[in-house]
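Below: run33.csv (CSV, C-alpha atoms)
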chain,number,residue,atom,x,y,z
A,29,MET,CA,12.4,107.9,79.3
A,30,ASP,CA,9.0,107.0,80.6
A,31,ARG,CA,8.1,103.8,78.7
A,32,ASP,CA,4.5,104.0,79.7
A,33,LEU,CA,4.2,107.5,78.2
A,34,VAL,CA,5.7,106.2,74.9
A,35,GLU,CA,3.3,103.3,74.8
A,36,ARG,CA,0.3,105.5,75.5
A,37,ALA,CA,1.3,108.1,73.0
A,38,ARG,CA,1.9,105.3,70.5
A,39,SER,CA,-1.6,104.2,70.8
A,40,GLY,CA,-2.9,107.8,70.1
A,41,ASP,CA,-3.1,109.3,73.6
A,42,GLN,CA,-2.5,113.0,72.9
A,43,GLN,CA,-2.1,113.9,76.6
A,44,ALA,CA,0.6,111.3,77.0
A,45,PHE,CA,2.4,112.7,73.9
A,46,ALA,CA,2.1,116.2,75.4
A,47,ASP,CA,3.8,114.9,78.6
A,48,LEU,CA,6.4,113.2,76.5
A,49,VAL,CA,7.1,116.4,74.6
A,50,HIS,CA,7.7,118.2,77.8
A,51,GLN,CA,10.2,115.5,78.8
A,52,VAL,CA,12.2,115.4,75.6
A,53,SER,CA,11.9,118.8,74.0
A,54,ASP,CA,14.8,120.5,75.7
A,55,THR,CA,17.2,117.7,74.8
A,56,LEU,CA,16.0,117.7,71.2
A,57,PHE,CA,16.1,121.5,71.0
A,58,GLY,CA,19.7,121.4,72.4
A,59,ILE,CA,20.8,119.0,69.7
A,60,ALA,CA,19.1,120.9,66.8
A,61,ARG,CA,20.5,124.2,68.1
A,62,ARG,CA,24.0,122.8,68.2
A,63,ILE,CA,23.8,121.2,64.8
A,64,LEU,CA,22.2,124.2,63.0
A,65,ARG,CA,23.9,127.0,65.1
A,66,ASP,CA,20.7,129.0,64.9
A,67,PRO,CA,18.0,128.9,67.6
A,68,GLY,CA,15.3,130.1,65.2
A,69,LEU,CA,16.0,127.4,62.7
A,70,ALA,CA,16.3,124.9,65.6
A,71,GLU,CA,12.9,125.8,66.8
A,72,ASP,CA,11.3,125.3,63.4
A,73,VAL,CA,13.1,122.0,63.0
A,74,LEU,CA,12.1,120.8,66.5
A,75,GLN,CA,8.4,121.5,65.7
A,76,ASN,CA,8.6,119.5,62.4
A,77,ALA,CA,10.4,116.7,64.1
A,78,LEU,CA,8.0,116.5,67.0
A,79,VAL,CA,5.0,116.3,64.6
A,80,THR,CA,6.8,113.7,62.6
A,81,ILE,CA,7.5,111.7,65.8
A,82,TRP,CA,3.8,111.9,66.7
A,83,ARG,CA,2.7,110.7,63.2
A,84,LYS,CA,5.2,107.9,63.0
A,85,LEU,CA,5.0,106.7,66.6
A,86,PRO,CA,2.9,103.6,65.8
A,87,HIS,CA,5.8,102.3,63.7
A,88,LEU,CA,8.1,102.3,66.7
A,89,ARG,CA,8.3,98.7,67.8
A,90,ASP,CA,10.3,99.0,71.0
A,91,ALA,CA,9.4,101.8,73.3
A,92,ASP,CA,12.8,101.6,75.0
A,93,ARG,CA,14.4,102.7,71.8
A,94,PHE,CA,12.4,105.9,71.7
A,95,ASP,CA,15.3,108.3,72.4
A,96,GLY,CA,17.5,107.0,69.5
A,97,TRP,CA,14.6,106.9,67.2
A,98,ALA,CA,13.6,110.5,68.0
A,99,PHE,CA,17.2,111.7,67.6
A,100,ARG,CA,17.3,110.1,64.2
A,101,ILE,CA,14.1,111.9,63.1
A,102,LEU,CA,15.4,115.1,64.5
A,103,VAL,CA,18.7,114.9,62.7
A,104,HIS,CA,17.0,114.1,59.4
A,105,ALA,CA,14.7,117.0,60.0
A,106,CYS,CA,17.9,119.2,60.3
A,107,TYR,CA,19.2,117.8,57.0
A,108,ALA,CA,15.9,118.4,55.3
A,109,ASP,CA,15.6,121.9,56.6
A,110,ALA,CA,19.1,122.8,55.6
A,111,SER,CA,18.6,121.6,52.1
A,112,ARG,CA,15.3,123.4,51.8
A,113,ASN,CA,16.1,126.5,53.6
A,114,ARG,CA,19.6,128.0,53.1
A,115,ARG,CA,19.1,131.0,55.3
A,116,TRP,CA,22.1,130.4,57.6
A,117,ALA,CA,21.6,133.4,59.8
A,118,THR,CA,24.4,134.7,61.9
A,119,THR,CA,23.7,134.4,65.6
A,120,VAL,CA,24.8,137.4,67.5
A,121,ARG,CA,26.0,136.5,71.0
A,122,VAL,CA,25.9,139.3,73.5
A,123,LEU,CA,28.7,139.1,75.9
A,124,PRO,CA,28.7,140.9,79.2
A,125,LEU,CA,31.3,143.7,79.0
A,126,GLU,CA,32.7,143.3,82.5
A,127,ARG,CA,33.6,139.7,81.6
A,128,ALA,CA,35.7,140.7,78.7
A,129,ASP,CA,38.4,142.8,80.3
A,130,THR,CA,41.0,140.2,81.1
A,131,THR,CA,43.4,138.3,78.8
A,132,ASP,CA,41.8,135.0,79.9
A,133,ASP,CA,38.3,136.2,79.0
A,134,MET,CA,39.5,137.6,75.7
A,135,THR,CA,41.2,134.2,75.0
A,136,ALA,CA,38.0,132.3,75.9
A,137,ILE,CA,35.9,134.5,73.6
A,138,SER,CA,38.5,134.1,70.8
A,139,ASP,CA,38.4,130.3,71.3
A,140,ARG,CA,34.6,130.2,71.0
A,141,ASP,CA,34.6,132.4,68.0
A,142,GLU,CA,37.2,130.2,66.2
A,143,LEU,CA,35.4,127.0,67.1
A,144,GLU,CA,32.0,128.5,66.0
A,145,ARG,CA,33.4,129.7,62.7
A,146,ALA,CA,35.1,126.3,62.0
A,147,PHE,CA,32.0,124.3,63.0
A,148,ARG,CA,29.8,126.3,60.7
A,149,THR,CA,31.9,125.3,57.7
A,150,LEU,CA,31.4,121.6,58.5
A,151,PRO,CA,28.9,119.5,56.6
A,152,LEU,CA,25.7,118.7,58.6
A,153,ASP,CA,26.4,115.0,58.7
A,154,GLN,CA,29.7,115.7,60.5
A,155,ARG,CA,28.1,118.2,62.8
A,156,ALA,CA,25.4,115.6,63.7
A,157,VAL,CA,27.9,112.9,64.7
A,158,PHE,CA,30.0,115.5,66.7
A,159,VAL,CA,27.0,116.8,68.6
A,160,LEU,CA,25.5,113.3,69.4
A,161,HIS,CA,28.9,112.2,70.6
A,162,HIS,CA,30.2,115.2,72.5
A,163,HIS,CA,27.0,116.9,73.6
A,164,VAL,CA,24.6,114.0,74.2
A,165,GLY,CA,27.4,111.7,75.2
A,166,LEU,CA,26.5,108.8,73.0
A,167,PRO,CA,29.3,106.2,72.3
A,168,LEU,CA,30.2,106.3,68.6
A,169,VAL,CA,28.7,102.8,68.0
A,170,THR,CA,25.4,104.2,69.3
A,171,VAL,CA,25.7,107.3,67.2
A,172,ALA,CA,26.2,105.1,64.1
A,173,GLU,CA,23.2,103.0,65.0
A,174,THR,CA,21.1,106.1,65.7
A,175,LEU,CA,21.9,107.7,62.4
A,176,GLY,CA,21.8,104.4,60.4
A,177,ILE,CA,25.4,104.6,59.2
A,178,PRO,CA,28.3,102.2,59.4
A,179,ASP,CA,30.6,102.6,62.5
A,180,GLY,CA,33.5,103.5,60.3
A,181,THR,CA,31.6,106.4,58.7
A,182,ALA,CA,30.6,107.8,62.1
A,183,ARG,CA,34.3,107.5,63.2
A,184,SER,CA,35.6,109.3,60.1
A,185,ARG,CA,33.0,112.0,60.4
A,186,LEU,CA,33.9,112.6,64.0
A,187,HIS,CA,37.6,112.6,63.0
A,188,TYR,CA,37.2,115.2,60.3
A,189,ALA,CA,35.1,117.4,62.5
A,190,THR,CA,37.5,117.3,65.4
A,191,ARG,CA,40.5,117.9,63.2
A,192,ALA,CA,38.9,121.0,61.7
A,193,LEU,CA,37.9,122.4,65.1
A,194,ARG,CA,41.3,121.7,66.5
A,195,ALA,CA,43.1,123.4,63.6
A,196,ALA,CA,40.9,126.5,64.1
A,197,PHE,CA,41.5,126.5,67.8
A,198,GLU,CA,45.2,126.3,67.4
A,199,ALA,CA,45.3,129.0,64.7
A,200,GLY,CA,43.3,131.3,67.0
A,201,ARG,CA,45.7,130.6,69.9
A,202,GLU,CA,48.7,131.3,67.8
A,203,GLN,CA,47.2,134.7,66.7
A,204,ILE,CA,46.7,135.7,70.3
A,205,THR,CA,50.3,134.7,71.2
A,206,ARG,CA,51.7,136.8,68.3
A,207,ARG,CA,49.5,139.7,69.3
A,208,GLU,CA,50.7,139.5,72.9
A,209,GLU,CA,54.3,139.3,71.8
A,210,ARG,CA,53.9,142.4,69.6
A,211,LEU,CA,52.4,144.3,72.6
A,212,ALA,CA,55.1,143.2,75.0
B,184,MET,CA,48.9,123.3,72.5
B,185,SER,CA,47.6,120.8,75.1
B,186,ASP,CA,44.7,118.5,74.6
B,187,GLN,CA,43.3,119.7,77.9
B,188,MET,CA,43.1,123.3,76.7
B,189,PHE,CA,41.4,122.2,73.5
B,190,ASP,CA,39.0,120.0,75.4
B,191,ARG,CA,38.1,122.7,77.9
B,192,ALA,CA,37.5,125.3,75.1
B,193,LEU,CA,35.4,122.7,73.3
B,194,ARG,CA,33.3,122.0,76.4
B,195,ASN,CA,32.8,125.7,77.2
B,196,TRP,CA,31.8,126.4,73.6
B,197,MET,CA,29.4,123.4,73.4
B,198,GLU,CA,27.7,124.3,76.6
B,199,ASP,CA,27.2,128.0,75.5
B,200,GLY,CA,23.5,129.2,75.3
B,201,SER,CA,20.2,127.9,76.6
B,202,ASP,CA,18.5,124.6,75.7
B,203,ARG,CA,15.2,125.7,77.1
B,204,THR,CA,12.6,125.1,74.4
B,205,PRO,CA,10.5,128.2,73.7
B,206,SER,CA,7.0,127.5,75.0
B,207,THR,CA,5.5,128.8,71.8
B,208,ALA,CA,7.2,125.9,69.9
B,209,ILE,CA,5.7,123.4,72.3
B,210,ASP,CA,2.2,125.0,72.1
B,211,ALA,CA,2.4,124.9,68.3
B,212,VAL,CA,3.3,121.2,68.3
B,213,LEU,CA,0.5,120.3,70.7
B,214,LEU,CA,-1.9,122.3,68.6
B,215,ALA,CA,-0.7,120.6,65.4
B,216,ILE,CA,-1.1,117.0,66.7
B,217,LYS,CA,-4.8,117.6,67.5
B,218,THR,CA,-5.4,117.6,63.7
B,219,THR,CA,-2.6,115.3,62.7
B,220,PRO,CA,-3.5,111.6,62.4
B,221,GLN,CA,-1.0,109.0,63.3
B,222,GLU,CA,0.1,106.6,60.6
B,223,ARG,CA,-1.2,103.1,60.9
B,224,ASP,CA,1.4,100.4,61.5
B,225,LEU,CA,0.9,98.1,58.5
B,226,ARG,CA,3.8,95.8,59.3
B,227,ILE,CA,3.1,92.1,59.6
B,228,PRO,CA,3.6,91.1,63.2
B,229,ARG,CA,6.4,88.7,63.9
B,230,ARG,CA,4.1,85.9,65.0
B,231,LEU,CA,6.6,83.1,64.6
B,232,ASN,CA,8.7,84.5,67.5
B,233,LEU,CA,5.7,84.4,69.8
B,234,MET,CA,4.8,80.7,68.9
B,235,PRO,CA,5.5,78.0,71.4
B,236,THR,CA,8.4,75.7,70.3
B,237,TYR,CA,6.2,72.7,69.4
B,238,MET,CA,4.1,75.0,67.1
B,239,ARG,CA,7.2,76.3,65.4
B,240,LEU,CA,8.4,72.7,64.9
B,241,ALA,CA,5.0,71.8,63.4
B,242,ALA,CA,5.1,74.8,61.1
B,243,GLY,CA,8.6,73.9,60.0
B,244,ILE,CA,7.6,70.3,59.2
B,245,ALA,CA,4.6,71.5,57.3
B,246,ILE,CA,6.7,73.9,55.2
B,247,VAL,CA,9.2,71.1,54.4
B,248,ALA,CA,6.3,68.7,53.5
B,249,VAL,CA,4.7,71.3,51.1
B,250,ALA,CA,8.1,72.0,49.5
B,251,GLY,CA,8.8,68.2,49.1
B,252,VAL,CA,5.4,67.6,47.4
B,253,ALA,CA,6.0,70.6,45.1
B,254,ALA,CA,9.5,69.3,44.2
B,255,LEU,CA,8.2,65.8,43.4
B,256,THR,CA,5.5,67.2,41.2
B,257,PHE,CA,8.0,69.3,39.4
B,258,LEU,CA,10.4,66.5,38.9
B,259,ASN,CA,7.7,64.2,37.5
B,260,ARG,CA,6.7,66.8,35.0
B,261,ALA,CA,10.2,68.1,33.9
B,262,PRO,CA,11.8,66.3,31.0
B,263,GLY,CA,15.0,64.7,31.9
B,264,PHE,CA,14.3,64.5,35.6
B,265,GLY,CA,12.8,61.5,37.3
B,266,GLY,CA,11.4,59.7,34.2
B,267,PRO,CA,10.2,60.5,30.8
B,268,GLY,CA,8.3,63.7,30.2
B,269,PRO,CA,6.5,65.1,27.2
B,270,SER,CA,8.6,65.5,24.1
B,271,PRO,CA,9.6,69.1,23.4
B,272,THR,CA,7.9,70.7,20.3
B,273,PRO,CA,10.4,70.9,17.5
B,274,SER,CA,11.3,74.5,16.5
B,275,LEU,CA,13.6,75.7,13.7
B,276,THR,CA,14.5,79.0,15.3
B,277,PRO,CA,14.6,79.8,19.0
B,278,GLY,CA,11.9,82.3,20.1
B,279,PRO,CA,13.1,85.9,20.7
B,280,THR,CA,13.3,86.8,24.4
B,281,GLY,CA,13.4,90.6,24.0
B,282,THR,CA,15.3,93.7,23.0
B,283,VAL,CA,18.4,94.1,25.2
B,284,ILE,CA,19.8,97.6,25.6
B,285,ASN,CA,22.3,99.4,27.9
B,286,ALA,CA,20.5,102.2,29.8
B,287,GLY,CA,23.1,104.1,31.7
B,288,THR,CA,23.4,104.8,35.4
B,289,ILE,CA,20.9,105.8,38.0
B,290,THR,CA,22.5,107.6,40.9
B,291,LEU,CA,20.9,108.3,44.2
B,292,THR,CA,22.5,110.9,46.4
B,293,ASP,CA,21.4,112.6,49.7
B,294,ASP,CA,19.5,115.3,47.8
B,295,ALA,CA,18.8,114.0,44.3
B,296,CYS,CA,18.5,111.1,41.9
B,297,THR,CA,19.7,111.3,38.4
B,298,TRP,CA,19.6,109.0,35.4
B,299,ASP,CA,22.6,109.5,33.1
B,300,GLY,CA,22.2,107.7,29.8
B,301,ASN,CA,18.4,107.3,30.0
B,302,PRO,CA,17.6,106.3,26.4
B,303,GLY,CA,14.3,108.2,26.7
B,304,LEU,CA,12.4,106.7,23.8
B,305,ILE,CA,13.0,103.1,22.7
B,306,VAL,CA,11.5,101.8,19.5
B,307,ALA,CA,11.8,98.1,19.8
B,308,SER,CA,11.1,95.4,17.3
B,309,ILE,CA,10.5,92.8,20.0
B,310,GLU,CA,9.1,93.3,23.5
B,311,PRO,CA,9.9,93.4,26.3
B,312,VAL,CA,12.9,95.7,26.4
B,313,ILE,CA,15.5,94.4,28.8
B,314,ALA,CA,17.6,97.3,30.0
B,315,ARG,CA,20.9,96.8,31.7
B,316,VAL,CA,21.4,99.7,34.2
B,317,SER,CA,23.9,100.5,36.8
B,318,ILE,CA,22.3,101.5,40.1
B,319,LEU,CA,24.6,103.7,42.2
B,320,ASN,CA,23.7,104.3,45.9
B,321,GLU,CA,25.8,107.2,47.1
B,322,THR,CA,23.9,107.7,50.4
B,323,GLU,CA,24.5,106.2,53.8
B,324,THR,CA,21.0,104.9,53.8
B,325,PHE,CA,19.1,102.1,52.2
B,326,GLY,CA,18.2,102.9,48.6
B,327,ASN,CA,15.2,101.6,46.7
B,328,PHE,CA,14.3,102.0,43.1
B,329,GLY,CA,10.7,101.3,42.1
B,330,VAL,CA,9.8,101.0,38.4
B,331,TYR,CA,6.4,102.3,37.5
B,332,HIS,CA,4.4,102.0,34.3
B,333,LEU,CA,2.1,105.0,33.8
B,334,ASP,CA,-1.2,103.4,33.0
B,335,ASP,CA,-3.5,106.4,33.0
B,336,GLY,CA,-1.5,109.4,34.2
B,337,SER,CA,1.0,111.7,32.6
B,338,TRP,CA,4.6,112.4,33.5
B,339,ALA,CA,3.5,115.6,35.2
B,340,ASP,CA,1.0,113.6,37.3
B,341,ALA,CA,3.8,111.3,38.5
B,342,ALA,CA,6.1,114.3,39.3
B,343,ALA,CA,3.3,116.0,41.2
B,344,TRP,CA,2.6,112.8,43.1
B,345,VAL,CA,6.2,112.4,44.2
B,346,ALA,CA,6.4,116.0,45.2
B,347,ARG,CA,3.3,115.6,47.4
B,348,GLU,CA,4.7,112.4,48.9
B,349,ASN,CA,7.9,114.3,49.8
B,350,ASP,CA,5.8,117.0,51.4
B,351,PHE,CA,4.0,114.4,53.4
B,352,LEU,CA,7.3,112.9,54.5
B,353,GLN,CA,8.3,116.3,55.8
B,354,GLY,CA,5.1,116.6,57.9
B,355,GLY,CA,2.6,117.8,55.3
B,356,PRO,CA,-0.9,116.5,54.8
B,357,SER,CA,-1.4,112.9,53.7
B,358,GLN,CA,-2.8,112.2,50.2
B,359,PRO,CA,-4.7,109.3,48.7
B,360,PRO,CA,-2.6,106.6,47.1
B,361,GLN,CA,-1.9,107.1,43.5
B,362,ASP,CA,-4.1,105.1,41.1
B,363,PHE,CA,-2.6,106.0,37.7
B,364,ALA,CA,0.6,103.9,37.7
B,365,THR,CA,1.5,100.3,38.3
B,366,ASP,CA,4.6,99.0,40.1
B,367,VAL,CA,6.3,96.7,37.6
B,368,GLY,CA,9.7,96.2,39.2
B,369,ASN,CA,11.8,97.0,42.3
B,370,ILE,CA,15.5,97.0,43.1
B,371,ASP,CA,17.0,97.4,46.6
B,372,ALA,CA,20.4,99.0,47.0
B,373,PRO,CA,21.1,98.4,50.7
B,374,ASP,CA,24.6,100.0,50.9
B,375,ARG,CA,26.7,102.7,49.5
B,376,ARG,CA,27.9,101.1,46.3
B,377,ARG,CA,27.2,100.3,42.7
B,378,TYR,CA,24.7,97.5,41.7
B,379,PRO,CA,24.4,96.1,38.2
B,380,ALA,CA,20.7,95.5,37.5
B,381,THR,CA,18.4,94.4,34.7
B,382,LEU,CA,15.0,96.1,34.3
B,383,THR,CA,12.3,94.9,32.0
B,384,PHE,CA,10.0,97.3,30.3
B,385,GLY,CA,6.9,96.6,28.2
B,386,PRO,CA,5.3,99.2,25.9
B,387,GLY,CA,4.3,102.5,27.4
B,388,ILE,CA,5.8,105.3,29.6
B,389,HIS,CA,7.8,104.4,32.7
B,390,GLY,CA,9.3,106.3,35.6
B,391,ILE,CA,11.6,105.2,38.3
B,392,VAL,CA,11.0,106.3,41.9
B,393,CYS,CA,14.3,106.4,43.8
B,394,SER,CA,14.0,106.6,47.6
B,395,SER,CA,16.4,106.8,50.5
B,396,ASN,CA,15.0,105.1,53.6
B,397,GLU,CA,15.6,102.9,56.5
B,398,PRO,CA,15.6,99.2,55.6
B,399,PRO,CA,12.0,98.2,54.7
B,400,PRO,CA,9.5,98.6,56.3
B,401,GLY,CA,11.3,101.6,58.0
B,402,GLU,CA,10.9,105.3,57.5
B,403,VAL,CA,11.3,106.8,54.1
B,404,PHE,CA,13.4,110.0,54.1
B,405,ALA,CA,13.0,111.3,50.5
B,406,MET,CA,11.7,110.2,47.1
B,407,TYR,CA,12.8,111.3,43.6
B,408,LEU,CA,11.4,110.6,40.2
B,409,VAL,CA,13.7,109.9,37.2
B,410,GLY,CA,12.8,109.2,33.6
B,411,PRO,CA,10.6,109.1,31.5
B,412,LEU,CA,11.5,106.0,29.5
B,413,GLU,CA,9.0,105.2,26.7
B,414,VAL,CA,8.9,101.9,24.9
B,415,THR,CA,7.0,101.6,21.6
B,416,VAL,CA,6.7,98.5,19.5
B,417,PRO,CA,5.7,99.4,15.9
B,418,GLY,CA,3.1,97.2,14.3
Would you mind writing the file's structure down as structure tokens?
Amino acid sequence: MDRDLVERARSGDQQAFADLVHQVSDTLFGIARRILRDPGLAEDVLQNALVTIWRKLPHLRDADRFDGWAFRILVHACYADASRNRRWATTVRVLPLERADTTDDMTAISDRDELERAFRTLPLDQRAVFVLHHHVGLPLVTVAETLGIPDGTARSRLHYATRALRAAFEAGREQITRREERLA
Amino acid sequence: MSDQMFDRALRNWMEDGSDRTPSTAIDAVLLAIKTTPQERDLRIPRRLNLMPTYMRLAAGIAIVAVAGVAALTFLNRAPGFGGPGPSPTPSLTPGPTGTVINAGTITLTDDACTWDGNPGLIVASIEPVIARVSILNETETFGNFGVYHLDDGSWADAAAWVARENDFLQGGPSQPPQDFATDVGNIDAPDRRRYPATLTFGPGIHGIVCSSNEPPPGEVFAMYLVGPLEVTVPG
């Protein structure tokens, strides 16, 4: 993160903020898309979060902590949007046909579908911890600090999320195995 | 089922799709900030940390000296401490201190605040009304409960003001500070647990604004209004 850009944006420099947005928007969009599982909603949330970040930047004391601070605003924008807007649209993923003709490819598709379905049933607070830890790569202590929750809470949210995903994954694999046995 | 298989599937699924922000989203944000003012930072700068050591020492000595003078003054005036004081005025019956009631539980959750057992209307023979309430913070954030006396506005004004504040917190337009209610009390509930509390109410209509936020003076996430509680003292 360019500290100088943050400092300038904090003091009201709109061009500096524009440069900052170009630096961070893909990361923030990736987080929102993974938490919400809907690119359209993620785009709306990202816009709200970036405007909130602009508005609240003068409150940020330490420019070096910009990333975590921005993640927190984004995650809370996800929570707010989810409670305000319950349109949980189904995202249709188009798969290239030529990739789906081997058993391995079918298994991979099945894995993704099972994980996707299971993840969508998780509460948003579990999703947020999971995404910040597994996608962004933050250590759990940093995730807890970013979200303003105790370490133990972050740990338990990650545990429940992982347990649900693993159970869905294993159930999917067992189904495939049974189907293959029937066909054999 | 091996951990490696699960980890690989998880990784493939997590990395699915594009993270490229649509340019229309960025354009919309950059357009919005042209007309969106930044909030002013009203926090008191931590000047003490920037002071040289000798100045901090001098400030400490000054504080101790002022406290010492205040304590000596108090001891000289208080009966029974440090010498004779004025005799207390005899009284046959002790003066009443207020009407004590139990006023239920105020619960703050991630998306609501409720007040179970709000007495609503209290007809008190003696003011103030001292209400014992249980404050329950069920969020993972810092909870704050501000008690407001509605001086000039109605309950609907208060509800509308809180709704506009929430809109502002979500990026909506700013609004002028409210001028129809007075802050008469405040309770912090820093963690997720139950806090016994005592609130004091004078005559009039009151509301409690519950908010979930970062520890003050940090960001406020959401605000809710509970009540009303009205105190009347006949005669």
So how far away is atom CA of A:Leu152 from atom CA of A:Tyr107, in Å?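 One can read the atom CA of A:Tyr107 to atom CA of A:Leu152 distance as 6.8 Å.
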Residues of chain B within 6 Å of chain A, counting all atoms listed in the file - could you list those as a list in words? Trp196, Asp202, Arg203, Thr204, Val212, Gln221, Glu222, Asp224, Glu323 and Gly354 of chain B
Rounded to one decimal place, report the atom CA of B:Ile305-atom CA of B:Ala380 distance in Å.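 Taking atom CA of B:Ile305 as the start and atom CA of B:Ala380 as the end point, the length is 18.3 Å.
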Have a look at A:Ala192, A:Cys106, A:Val171, A:Ala212 and name the one nearest to A:Arg65; count all atoms listed in the file.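 Once distances to A:Arg65 are computed over all atoms listed in the file, the minimum belongs to A:Cys106.
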Distance query A:Asp92 at most 9 Å, only C-alpha atoms, self and fewer than 6 positions along chain excluded, as an NGL selection string: :A and (29-31 or 34)
Atomic distance atom CA of B:Met188 - atom CA of A:Gly165, expressed in Å with one decimal: 19.6 Å
Restricting the calculation to only C-alpha atoms: of A:Arg183, A:Arg36, A:Arg191, A:Arg206, which residue gets closest to A:Asp153?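 Ranking A:Arg183, A:Arg36, A:Arg191, A:Arg206 by distance to A:Asp153, first place goes to A:Arg183.
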When distances are computed from only C-alpha atoms, which of B:Val283, B:Pro356, B:Ile244, B:Asp299 shows the smallest separation from B:Pro220? B:Pro356
Could you tell me which of A:Ala110, A:Val157, A:Val169, A:Ala189 comes closest to A:Leu64 if we count all atoms listed in the file? A:Ala110
Report as a PyMOL selection string all protein, DNA and RNA residues lying within 12 Å of B:Ile391, evaluated on only C-alpha atoms, omitting residues in the same chain fewer than 6 positions from it. chain B and resi 289-291+296-298+301+316+318+327-333+338+341-342+345+364-370+382+384+406-413
